[in-house]
$ cat query03.cif   # mmCIF, C-alpha atoms
data_work
loop_
_atom_site.group_PDB
_atom_site.id
_atom_site.type_symbol
_atom_site.label_atom_id
_atom_site.label_comp_id
_atom_site.auth_asym_id
_atom_site.auth_seq_id
_atom_site.Cartn_x
_atom_site.Cartn_y
_atom_site.Cartn_z
ATOM 1 C CA MET A 185 -3.073 -8.683 21.798
ATOM 2 C CA LEU A 186 -5.165 -5.508 21.718
ATOM 3 C CA TYR A 187 -2.022 -3.447 22.344
ATOM 4 C CA ILE A 188 -0.275 -5.123 19.397
ATOM 5 C CA LEU A 189 -3.258 -4.408 17.133
ATOM 6 C CA LYS A 190 -3.461 -0.801 18.299
ATOM 7 C CA THR A 191 0.261 -0.189 17.740
ATOM 8 C CA ALA A 192 0.180 -1.889 14.347
ATOM 9 C CA LEU A 193 -2.788 0.202 13.216
ATOM 10 C CA GLU A 194 -1.164 3.420 14.430
ATOM 11 C CA LEU A 195 2.133 2.803 12.640
ATOM 12 C CA GLY A 196 0.428 1.170 9.664
ATOM 13 C CA PHE A 197 -1.684 4.232 8.922
ATOM 14 C CA LEU A 198 1.149 6.654 9.732
ATOM 15 C CA TYR A 199 3.541 4.988 7.284
ATOM 16 C CA ALA A 200 0.843 4.163 4.698
ATOM 17 C CA MET A 201 1.538 7.349 2.738
ATOM 18 C CA VAL A 202 5.000 6.004 1.827
ATOM 19 C CA PRO A 203 3.729 2.957 -0.124
ATOM 20 C CA ILE A 204 1.055 5.229 -1.633
ATOM 21 C CA ALA A 205 3.861 7.537 -2.803
ATOM 22 C CA LEU A 206 5.789 4.576 -4.205
ATOM 23 C CA PHE A 207 2.626 3.379 -5.940
ATOM 24 C CA ILE A 208 2.487 6.722 -7.773
ATOM 25 C CA SER A 209 6.179 6.823 -8.694
ATOM 26 C CA TYR A 210 6.956 3.117 -9.134
ATOM 27 C CA ARG A 211 3.668 1.706 -10.434
ATOM 28 C CA VAL A 212 1.984 4.669 -12.126
ATOM 29 C CA LEU A 213 4.993 6.559 -13.534
ATOM 30 C CA ASP A 214 7.272 3.485 -13.731
ATOM 31 C CA ILE A 215 10.118 5.492 -12.145
ATOM 32 C CA ALA A 216 12.347 4.203 -9.367
ATOM 33 C CA ASP A 217 12.406 7.293 -7.147
ATOM 34 C CA LEU A 218 15.070 7.057 -4.448
ATOM 35 C CA THR A 219 14.297 10.482 -2.972
ATOM 36 C CA THR A 220 12.068 8.743 -0.425
ATOM 37 C CA ASP A 221 14.524 8.333 2.465
ATOM 38 C CA GLY A 222 15.620 11.975 2.563
ATOM 39 C CA CYS A 223 12.153 13.308 1.794
ATOM 40 C CA PHE A 224 10.687 11.390 4.742
ATOM 41 C CA VAL A 225 13.174 13.060 7.112
ATOM 42 C CA LEU A 226 12.522 16.429 5.450
ATOM 43 C CA GLY A 227 8.802 16.158 6.188
ATOM 44 C CA ALA A 228 9.476 15.111 9.777
ATOM 45 C CA ALA A 229 12.014 17.916 10.290
ATOM 46 C CA VAL A 230 9.715 20.644 8.961
ATOM 47 C CA SER A 231 6.762 19.313 10.963
ATOM 48 C CA VAL A 232 8.656 18.968 14.257
ATOM 49 C CA MET A 233 10.319 22.379 13.952
ATOM 50 C CA MET A 234 6.983 24.056 13.208
ATOM 51 C CA ALA A 235 5.396 22.257 16.178
ATOM 52 C CA LYS A 236 8.308 23.408 18.286
ATOM 53 C CA ALA A 237 7.536 26.967 17.188
ATOM 54 C CA GLY A 238 3.910 26.502 18.278
ATOM 55 C CA HIS A 239 2.327 25.753 14.893
ATOM 56 C CA PRO A 240 1.799 21.961 14.703
ATOM 57 C CA ILE A 241 -1.133 22.137 12.269
ATOM 58 C CA LEU A 242 0.690 24.488 9.907
ATOM 59 C CA GLY A 243 3.679 22.129 9.980
ATOM 60 C CA ILE A 244 1.748 19.428 8.068
ATOM 61 C CA PRO A 245 1.023 21.356 4.822
ATOM 62 C CA LEU A 246 4.447 23.018 4.955
ATOM 63 C CA ALA A 247 6.062 19.586 5.190
ATOM 64 C CA MET A 248 4.079 18.475 2.136
ATOM 65 C CA LEU A 249 5.182 21.589 0.257
ATOM 66 C CA ALA A 250 8.815 20.883 1.141
ATOM 67 C CA GLY A 251 8.406 17.296 -0.074
ATOM 68 C CA ALA A 252 6.890 18.529 -3.354
ATOM 69 C CA CYS A 253 9.928 20.790 -3.823
ATOM 70 C CA ALA A 254 12.225 17.782 -3.348
ATOM 71 C CA GLY A 255 10.202 15.883 -5.943
ATOM 72 C CA PHE A 256 10.495 18.849 -8.316
ATOM 73 C CA ILE A 257 14.309 18.793 -8.027
ATOM 74 C CA THR A 258 14.366 15.061 -8.827
ATOM 75 C CA ALA A 259 12.031 15.584 -11.788
ATOM 76 C CA PHE A 260 14.098 18.550 -13.048
ATOM 77 C CA LEU A 261 17.297 16.504 -12.972
ATOM 78 C CA HIS A 262 15.583 13.658 -14.812
ATOM 79 C CA THR A 263 13.510 15.516 -17.412
ATOM 80 C CA LYS A 264 15.558 18.636 -18.149
ATOM 81 C CA LEU A 265 19.144 17.586 -17.415
ATOM 82 C CA LYS A 266 18.570 14.013 -18.690
ATOM 83 C CA VAL A 267 19.977 12.386 -15.555
ATOM 84 C CA PRO A 268 18.707 8.781 -15.165
ATOM 85 C CA SER A 269 15.810 8.579 -12.698
ATOM 86 C CA ILE A 270 17.694 6.426 -10.178
ATOM 87 C CA LEU A 271 20.678 8.787 -10.144
ATOM 88 C CA SER A 272 18.354 11.802 -9.919
ATOM 89 C CA GLY A 273 16.814 10.396 -6.749
ATOM 90 C CA ILE A 274 20.211 9.552 -5.290
ATOM 91 C CA ILE A 275 21.537 13.064 -5.998
ATOM 92 C CA THR A 276 18.477 14.738 -4.441
ATOM 93 C CA ASN A 277 18.560 12.359 -1.482
ATOM 94 C CA THR A 278 22.236 13.166 -0.875
ATOM 95 C CA GLY A 279 21.585 16.898 -1.008
ATOM 96 C CA LEU A 280 18.623 16.576 1.342
ATOM 97 C CA TYR A 281 20.931 15.392 4.129
ATOM 98 C CA THR A 282 22.373 18.913 4.407
ATOM 99 C CA ILE A 283 18.973 20.538 3.870
ATOM 100 C CA ASN A 284 17.505 18.440 6.691
ATOM 101 C CA LEU A 285 20.336 19.421 9.021
ATOM 102 C CA MET A 286 19.706 23.050 8.117
ATOM 103 C CA VAL A 287 15.980 22.731 8.864
ATOM 104 C CA MET A 288 16.801 21.092 12.209
ATOM 105 C CA GLY A 289 19.052 23.973 13.211
ATOM 106 C CA TRP A 290 22.268 22.087 12.323
ATOM 107 C CA SER A 291 21.461 19.458 14.918
ATOM 108 C CA SER A 292 21.260 15.739 14.183
ATOM 109 C CA ASN A 293 18.032 15.395 16.188
ATOM 110 C CA GLN A 294 15.238 17.494 17.612
ATOM 111 C CA SER A 295 12.511 16.607 20.102
ATOM 112 C CA LEU A 296 9.215 18.010 21.334
ATOM 113 C CA LEU A 297 9.045 17.989 25.125
ATOM 114 C CA LYS A 298 6.175 20.176 26.289
ATOM 115 C CA GLN A 299 5.072 21.441 22.884
ATOM 116 C CA GLY A 300 1.701 20.397 21.533
ATOM 117 C CA THR A 301 1.201 18.262 18.425
ATOM 118 C CA VAL A 302 -1.795 17.481 16.248
ATOM 119 C CA PHE A 303 -2.097 14.210 18.140
ATOM 120 C CA SER A 304 -2.069 15.773 21.603
ATOM 121 C CA MET A 305 -4.594 18.367 20.412
ATOM 122 C CA LEU A 306 -7.012 15.624 19.313
ATOM 123 C CA LYS A 307 -6.415 13.617 22.494
ATOM 124 C CA ASN A 308 -7.146 16.616 24.709
ATOM 125 C CA ALA A 309 -10.225 17.504 22.641
ATOM 126 C CA LEU A 310 -11.651 14.005 23.120
ATOM 127 C CA LYS A 311 -10.937 14.021 26.857
ATOM 128 C CA ASP A 312 -12.559 17.424 27.267
ATOM 129 C CA GLN A 313 -15.901 15.919 26.252
ATOM 130 C CA LYS A 314 -15.949 14.216 29.685
ATOM 131 C CA THR A 315 -18.043 11.234 28.649
ATOM 132 C CA ASP A 316 -17.010 7.627 29.169
ATOM 133 C CA PHE A 317 -17.166 6.866 25.451
ATOM 134 C CA MET A 318 -15.004 9.848 24.510
ATOM 135 C CA VAL A 319 -12.478 9.108 27.262
ATOM 136 C CA LYS A 320 -12.137 5.528 26.002
ATOM 137 C CA LEU A 321 -11.970 6.810 22.425
ATOM 138 C CA SER A 322 -9.121 9.129 23.402
ATOM 139 C CA ASP A 323 -6.902 6.060 23.847
ATOM 140 C CA TRP A 324 -7.239 5.494 20.086
ATOM 141 C CA TYR A 325 -6.563 9.118 19.132
ATOM 142 C CA ALA A 326 -3.525 8.229 16.972
ATOM 143 C CA VAL A 327 -5.441 5.564 15.031
ATOM 144 C CA ILE A 328 -8.383 7.930 14.493
ATOM 145 C CA LEU A 329 -6.310 10.861 13.230
ATOM 146 C CA SER A 330 -3.920 8.852 11.052
ATOM 147 C CA SER A 331 -6.720 6.764 9.502
ATOM 148 C CA VAL A 332 -8.777 9.859 8.684
ATOM 149 C CA VAL A 333 -5.752 11.485 7.015
ATOM 150 C CA VAL A 334 -5.024 8.328 4.992
ATOM 151 C CA ILE A 335 -8.648 7.975 3.855
ATOM 152 C CA ILE A 336 -8.861 11.626 2.789
ATOM 153 C CA VAL A 337 -5.516 11.475 0.973
ATOM 154 C CA SER A 338 -6.428 8.207 -0.776
ATOM 155 C CA LEU A 339 -9.777 9.589 -1.991
ATOM 156 C CA LEU A 340 -8.126 12.792 -3.235
ATOM 157 C CA ILE A 341 -5.447 10.851 -5.136
ATOM 158 C CA LEU A 342 -8.023 8.535 -6.706
ATOM 159 C CA ALA A 343 -10.110 11.555 -7.732
ATOM 160 C CA PHE A 344 -7.057 13.322 -9.156
ATOM 161 C CA LEU A 345 -5.857 10.307 -11.145
ATOM 162 C CA GLY A 346 -9.300 10.174 -12.741
ATOM 163 C CA THR A 347 -8.982 13.729 -14.107
ATOM 164 C CA ARG A 348 -7.498 14.599 -17.499
ATOM 165 C CA LEU A 349 -4.115 15.438 -15.981
ATOM 166 C CA GLY A 350 -4.208 12.296 -13.842
ATOM 167 C CA LEU A 351 -4.979 10.140 -16.881
ATOM 168 C CA SER A 352 -2.060 11.796 -18.682
ATOM 169 C CA ILE A 353 0.235 10.882 -15.773
ATOM 170 C CA ARG A 354 -0.995 7.281 -15.905
ATOM 171 C CA ALA A 355 -0.473 7.198 -19.670
ATOM 172 C CA THR A 356 3.076 8.506 -19.242
ATOM 173 C CA GLY A 357 3.977 5.500 -17.150
ATOM 174 C CA ASP A 358 2.259 3.087 -19.562
ATOM 175 C CA ASN A 359 3.652 4.342 -22.872
ATOM 176 C CA LEU A 360 5.937 7.375 -23.040
ATOM 177 C CA ASP A 361 6.101 7.404 -26.854
ATOM 178 C CA MET A 362 2.321 7.389 -27.162
ATOM 179 C CA VAL A 363 2.118 10.336 -24.766
ATOM 180 C CA ARG A 364 4.578 12.321 -26.880
ATOM 181 C CA ALA A 365 2.606 11.460 -30.026
ATOM 182 C CA SER A 366 -0.558 12.737 -28.317
ATOM 183 C CA SER A 367 0.997 16.212 -27.845
ATOM 184 C CA ILE A 368 1.272 15.715 -24.072
ATOM 185 C CA ASN A 369 4.438 17.018 -22.430
ATOM 186 C CA PRO A 370 5.887 14.013 -20.523
ATOM 187 C CA ALA A 371 8.295 16.260 -18.623
ATOM 188 C CA PHE A 372 5.316 18.079 -17.103
ATOM 189 C CA THR A 373 3.399 14.920 -16.197
ATOM 190 C CA ILE A 374 6.498 13.299 -14.663
ATOM 191 C CA THR A 375 7.185 16.464 -12.652
ATOM 192 C CA VAL A 376 3.612 16.625 -11.319
ATOM 193 C CA GLY A 377 3.641 12.917 -10.467
ATOM 194 C CA LEU A 378 6.947 13.061 -8.593
ATOM 195 C CA CYS A 379 5.894 16.220 -6.728
ATOM 196 C CA ILE A 380 2.699 14.492 -5.542
ATOM 197 C CA ALA A 381 4.565 11.295 -4.613
ATOM 198 C CA ASN A 382 7.174 13.122 -2.555
ATOM 199 C CA ALA A 383 4.507 15.291 -0.924
ATOM 200 C CA MET A 384 2.901 12.039 0.284
ATOM 201 C CA THR A 385 6.250 10.806 1.616
ATOM 202 C CA ALA A 386 6.803 14.100 3.444
ATOM 203 C CA LEU A 387 3.250 13.900 4.851
ATOM 204 C CA SER A 388 4.064 10.493 6.320
ATOM 205 C CA GLY A 389 7.267 11.868 7.825
ATOM 206 C CA ALA A 390 5.395 14.883 9.218
ATOM 207 C CA MET A 391 2.794 12.696 10.927
ATOM 208 C CA VAL A 392 5.393 10.262 12.285
ATOM 209 C CA GLY A 393 7.566 13.124 13.567
ATOM 210 C CA GLN A 394 4.735 14.653 15.593
ATOM 211 C CA TYR A 395 3.519 11.215 16.715
ATOM 212 C CA GLN A 396 6.945 10.248 18.064
ATOM 213 C CA LYS A 397 7.697 13.838 19.158
ATOM 214 C CA THR A 398 11.182 13.559 17.728
ATOM 215 C CA VAL A 399 13.105 13.558 14.474
ATOM 216 C CA ASP A 400 16.552 12.151 13.773
ATOM 217 C CA ILE A 401 18.695 12.778 10.716
ATOM 218 C CA ASN A 402 18.922 9.014 10.087
ATOM 219 C CA SER A 403 15.267 8.171 10.779
ATOM 220 C CA GLY A 404 14.526 7.773 7.062
ATOM 221 C CA THR A 405 17.145 5.107 6.401
ATOM 222 C CA GLY A 406 15.582 2.128 4.627
ATOM 223 C CA ILE A 407 12.118 3.720 4.328
ATOM 224 C CA VAL A 408 12.035 3.106 0.570
ATOM 225 C CA VAL A 409 12.627 -0.635 1.067
ATOM 226 C CA ILE A 410 9.973 -0.859 3.784
ATOM 227 C CA GLY A 411 7.543 1.072 1.588
ATOM 228 C CA LEU A 412 8.153 -1.293 -1.326
ATOM 229 C CA ALA A 413 7.655 -4.271 0.965
ATOM 230 C CA CYS A 414 4.318 -2.855 2.161
ATOM 231 C CA LEU A 415 3.202 -2.155 -1.408
ATOM 232 C CA ILE A 416 4.126 -5.639 -2.643
ATOM 233 C CA ILE A 417 2.519 -7.359 0.365
ATOM 234 C CA GLY A 418 -0.663 -5.384 -0.228
ATOM 235 C CA GLU A 419 -0.689 -6.178 -3.953
ATOM 236 C CA THR A 420 -0.261 -9.856 -3.153
ATOM 237 C CA ILE A 421 -3.319 -9.727 -0.878
ATOM 238 C CA ILE A 422 -5.558 -7.253 -2.749
ATOM 239 C CA GLY A 423 -4.193 -7.270 -6.306
ATOM 240 C CA ARG A 424 -3.314 -4.416 -8.674
ATOM 241 C CA ARG A 425 -6.305 -4.396 -11.024
ATOM 242 C CA PRO A 426 -8.515 -2.439 -11.301
ATOM 243 C CA PHE A 427 -6.549 0.729 -10.678
ATOM 244 C CA PHE A 428 -8.089 1.803 -7.355
ATOM 245 C CA LYS A 429 -6.945 -1.476 -5.805
ATOM 246 C CA GLY A 430 -3.363 -0.176 -5.916
ATOM 247 C CA ILE A 431 -4.125 2.525 -3.342
ATOM 248 C CA ILE A 432 -6.025 0.080 -1.135
ATOM 249 C CA ALA A 433 -3.178 -2.430 -1.460
ATOM 250 C CA ALA A 434 -0.668 0.196 -0.282
ATOM 251 C CA VAL A 435 -2.668 0.896 2.892
ATOM 252 C CA VAL A 436 -3.468 -2.770 3.622
ATOM 253 C CA GLY A 437 0.148 -3.787 3.009
ATOM 254 C CA SER A 438 1.403 -1.134 5.413
ATOM 255 C CA ILE A 439 -0.944 -2.362 8.161
ATOM 256 C CA VAL A 440 -0.122 -6.045 7.552
ATOM 257 C CA TYR A 441 3.608 -5.301 7.604
ATOM 258 C CA ARG A 442 3.287 -3.482 10.923
ATOM 259 C CA ILE A 443 1.209 -6.316 12.393
ATOM 260 C CA ILE A 444 3.940 -8.794 11.404
ATOM 261 C CA TYR A 445 6.552 -6.414 12.785
ATOM 262 C CA ALA A 446 4.683 -6.048 16.106
ATOM 263 C CA VAL A 447 4.121 -9.811 16.444
ATOM 264 C CA VAL A 448 7.809 -10.533 15.815
ATOM 265 C CA LEU A 449 8.808 -7.940 18.418
ATOM 266 C CA TYR A 450 6.292 -9.262 20.958
ATOM 267 C CA THR A 451 6.956 -12.976 20.486
ATOM 268 C CA LYS A 452 10.710 -12.546 19.851
ATOM 269 C CA VAL A 453 10.625 -15.213 17.134
ATOM 270 C CA LEU A 454 13.498 -13.387 15.426
ATOM 271 C CA PRO A 455 15.928 -10.806 16.748
ATOM 272 C CA VAL A 456 14.905 -7.248 15.904
ATOM 273 C CA GLU A 457 18.168 -6.770 14.012
ATOM 274 C CA PHE A 458 17.033 -9.329 11.387
ATOM 275 C CA LEU A 459 13.835 -7.489 10.395
ATOM 276 C CA LYS A 460 15.356 -5.156 7.795
ATOM 277 C CA LEU A 461 17.317 -8.024 6.250
ATOM 278 C CA ILE A 462 14.110 -10.051 5.977
ATOM 279 C CA THR A 463 12.321 -7.014 4.530
ATOM 280 C CA ALA A 464 15.016 -6.634 1.871
ATOM 281 C CA ILE A 465 14.780 -10.342 0.985
ATOM 282 C CA VAL A 466 10.976 -10.157 0.734
ATOM 283 C CA VAL A 467 11.174 -7.124 -1.577
ATOM 284 C CA ALA A 468 13.857 -8.740 -3.759
ATOM 285 C CA LEU A 469 11.905 -11.996 -4.097
ATOM 286 C CA ALA A 470 8.615 -10.203 -4.764
ATOM 287 C CA ILE A 471 10.106 -7.991 -7.490
ATOM 288 C CA ALA A 472 11.939 -10.953 -9.036
ATOM 289 C CA PHE A 473 8.896 -13.244 -8.763
ATOM 290 C CA PRO A 474 7.843 -12.948 -12.455
ATOM 291 C CA ALA A 475 11.370 -13.853 -13.611
ATOM 292 C CA ILE A 476 11.563 -16.715 -11.087
ATOM 293 C CA ARG A 477 8.163 -18.015 -12.234
ATOM 294 C CA LYS A 478 9.257 -17.891 -15.899
ATOM 295 C CA TRP A 479 12.487 -19.727 -15.041
ATOM 296 C CA PHE A 480 10.605 -22.523 -13.264
ATOM 297 C CA ALA A 481 8.099 -22.740 -16.139
ATOM 298 C CA PHE A 482 10.976 -23.009 -18.620
ATOM 299 C CA GLN A 483 12.669 -25.696 -16.536
ATOM 300 C CA GLY A 484 9.367 -27.596 -16.387
ATOM 301 C CA LYS A 485 9.062 -27.459 -20.187
ATOM 302 C CA LYS A 486 12.652 -28.735 -20.542
ATOM 303 C CA ILE A 487 11.945 -31.656 -18.204
ATOM 304 C CA ARG A 488 8.719 -32.551 -20.039
ATOM 305 C CA HIS A 489 10.471 -32.270 -23.400
ATOM 306 C CA SER A 490 13.353 -34.505 -22.302
ATOM 307 C CA GLN A 491 10.900 -37.023 -20.867
ATOM 308 C CA GLY A 492 8.991 -37.016 -24.161
ATOM 309 C CA GLU A 493 12.196 -37.636 -26.117
ATOM 310 C CA LYS A 494 13.127 -40.513 -23.819
ATOM 311 C CA ALA A 495 9.660 -42.031 -24.198
ATOM 312 C CA ALA A 496 9.868 -41.709 -28.010
ATOM 313 C CA SER A 497 13.321 -43.248 -28.175
ATOM 314 C CA SER A 498 12.274 -46.172 -25.953
ATOM 315 C CA THR A 499 9.238 -46.738 -28.198
ATOM 316 C CA ASN A 500 11.445 -46.780 -31.289
ATOM 317 C CA GLU A 501 13.886 -49.209 -29.679
ATOM 318 C CA SER A 502 11.074 -51.563 -28.656
ATOM 319 C CA GLY A 503 9.712 -51.409 -32.205
ATOM 320 C CA LYS A 504 13.071 -52.387 -33.670
ATOM 321 C CA GLY A 505 13.339 -55.278 -31.175
ATOM 322 C CA ASP A 506 9.980 -56.674 -32.329
ATOM 323 C CA LYS A 507 11.162 -56.683 -35.936
#
$ encode --input "query03.cif" --output "structure tokens"
Amino acid sequence: MLYILKTALELGFLYAMVPIALFISYRVLDIADLTTDGCFVLGAAVSVMMAKAGHPILGIPLAMLAGACAGFITAFLHTKLKVPSILSGIITNTGLYTINLMVMGWSSNQSLLKQGTVFSMLKNALKDQKTDFMVKLSDWYAVILSSVVVIIVSLLILAFLGTRLGLSIRATGDNLDMVRASSINPAFTITVGLCIANAMTALSGAMVGQYQKTVDINSGTGIVVIGLACLIIGETIIGRRPFFKGIIAAVVGSIVYRIIYAVVLYTKVLPVEFLKLITAIVVALAIAFPAIRKWFAFQGKKIRHSQGEKAASSTNESGKGDK
């Protein structure tokens, strides 16, 4: 059970930046950004290749910079060339396939065998302390590093969204016409928001790549659906209001999703092949929940109305019979 919890926490924190990124693009900006899958692989590819060259720490910020560039391309297509946001993400995601291959030296996968990573550096540093507590703590090195990164990133995003520019980005997602009337350039705010969101996605890919010591060209497939599932699960548990709860919900949802994932794998309740199908169904139902709730409420009103008409007609008929 402890192993399941440890694995779930490791992967939950490592992938938590993806639902945080989707919170910025999908919830804050109200844009369906489909750059996520390719951007995740881009971050992993840059990070792994830099670690392979002997610079694992430098690979993390460079991966984030590469992700921000991908977000800029999506924003440019959407704001300047007037391409719909969904198509902009699809176009960028398609182009990133070749870019990722280029970064990986035109190979479909790359691995780190004897090269150091940020995780191995922390593990070795904890073991070098040569105390029982530190040696035991070294077993949780991945949880420690990934959780610290997530906490720092979450605090920085919350602080940024409270600034004047951050409030402008939030206003852009709430009411685009009002933002234009307030002499704020929505193209700029959308560009900044998408750059930050994709930098977070690339950061997640960079951390996962060095954690797994490998990157594959198809490792980002379905990441956007999983990220949405984590975000929606977290919002169901934590809620969306006030604003800071959205970030917390993204992290909690990622951990809960990974716990469910680990339990299913361990208990073998369902075949592993069914997990992505179930994830897609959960996301679809969660997004459609308001419409489903309205439909059921409308059907309930129809039933009550028809029952009221039947009761009225039966009352009238009984009244006529008495006469």
$ resolve_selection --input "query03.cif" --expression "the PyMOL selection byres ((chain A and resi 414-423) around 7)" --output "list in words"
Pro203, Ile410, Gly411, Leu412, Ala413, Arg424, Arg425, Lys429, Gly430, Ala433, Ala434, Val436, Gly437, Ser438, Tyr441 and Ala470 of chain A
$ closest_residue --input "query03.cif" --among "A:Ala229, A:Ala355, A:Val409, A:Val453" --to "Arg211 in chain A" --atoms "only C-alpha atoms"
A:Ala355
$ residues_around --input "query03.cif" --residues "range 324-328 of chain A" --least-positions-apart "6" --cutoff "9 Å" --atoms "all atoms listed in the file" --output "NGL selection string"
:A and (190-191 or 193-195 or 197-198 or 303-304 or 306-307 or 310 or 395)
$ resolve_selection --input "query03.cif" --expression "the PyMOL selection byres ((chain A and resi 292-296) around 6)" --output "NGL selection string"
:A and (291 or 297 or 299 or 397-401)
$ atom_distance --input "query03.cif" --atom1 "CA of Ala475 in chain A" --atom2 "CA of Gly406 in chain A"
24.6 Å
$ resolve_selection --input "query03.cif" --expression "the PyMOL selection byres ((chain A and resi 363) around 12)" --output "JSON, numbers by chain"
{"A": [349, 351, 352, 353, 354, 355, 356, 357, 358, 359, 360, 361, 362, 364, 365, 366, 367, 368, 369, 370, 371, 372, 373, 374]}
$ closest_atom_pairs --input "query03.cif" --of "range 185-244 of chain A" --to "range 385-393 of chain A" --cutoff "9 Å" --atoms "only C-alpha atoms" --output "tab-separated table"
residue	atom	partner	partner_atom	distance
A:Leu195	CA	A:Val392	CA	8.1
A:Phe197	CA	A:Ser388	CA	8.9
A:Leu198	CA	A:Ser388	CA	5.9
A:Tyr199	CA	A:Ser388	CA	5.6
A:Ala200	CA	A:Ser388	CA	7.3
A:Met201	CA	A:Ser388	CA	5.4
A:Val202	CA	A:Thr385	CA	5.0
A:Pro203	CA	A:Thr385	CA	8.4
A:Ile204	CA	A:Thr385	CA	8.3
A:Ala205	CA	A:Thr385	CA	6.0
A:Leu206	CA	A:Thr385	CA	8.5
A:Thr220	CA	A:Thr385	CA	6.5
A:Asp221	CA	A:Thr385	CA	8.7
A:Cys223	CA	A:Ala386	CA	5.7
A:Phe224	CA	A:Gly389	CA	4.6
A:Val225	CA	A:Gly389	CA	6.1
A:Leu226	CA	A:Ala386	CA	6.5
A:Gly227	CA	A:Ala386	CA	4.0
A:Ala228	CA	A:Ala390	CA	4.1
A:Ala229	CA	A:Gly393	CA	7.3
A:Val230	CA	A:Ala390	CA	7.2
A:Ser231	CA	A:Ala390	CA	5.0
A:Val232	CA	A:Gly393	CA	6.0
A:Gly243	CA	A:Ala390	CA	7.5
A:Ile244	CA	A:Ala390	CA	5.9
$ closest_residue --input "query03.cif" --among "A:Ala468, A:Ala446, A:Leu461, A:Ala383" --to "Gly196 in chain A" --atoms "only C-alpha atoms"
A:Ala446
$ closest_residue --input "query03.cif" --among "A:Leu213, A:Leu454, A:Cys253, A:Met384" --to "Val334 in chain A" --atoms "only C-alpha atoms"
A:Met384
$ closest_residue --input "query03.cif" --among "A:Phe480, A:Leu329, A:Thr375, A:Gln394" --to "Ala247 in chain A" --atoms "all atoms listed in the file"
A:Gln394
$ atom_distance --input "query03.cif" --atom1 "CA of Tyr210 in chain A" --atom2 "CA of Ala381 in chain A"
9.6 Å
$ atom_distance --input "query03.cif" --atom1 "CA of Ile257 in chain A" --atom2 "CA of Ser272 in chain A"
8.3 Å
$ residues_near_point --input "query03.cif" --point "(10.2, 4.4, -10.4)" --cutoff "10 Å" --atoms "only C-alpha atoms" --output "PyMOL selection string"
chain A and resi 206-218+269-270+273+357+378
$ closest_residue --input "query03.cif" --among "A:Val319, A:Met233, A:Ala252, A:Val267" --to "Met288 in chain A" --atoms "all atoms listed in the file"
A:Met233
$ closest_residue --input "query03.cif" --among "A:Asn277, A:Thr463, A:Ser338, A:Thr301" --to "Leu242 in chain A" --atoms "only C-alpha atoms"
A:Thr301
$ axis_aligned_box --input "query03.cif" --around "range 229-235 of chain A" --padding-each-side "5 Å" --output "lines of an AutoDock Vina configuration file"
center_x = 8.7
center_y = 21.0
center_z = 12.6
size_x = 16.6
size_y = 16.1
size_z = 17.2
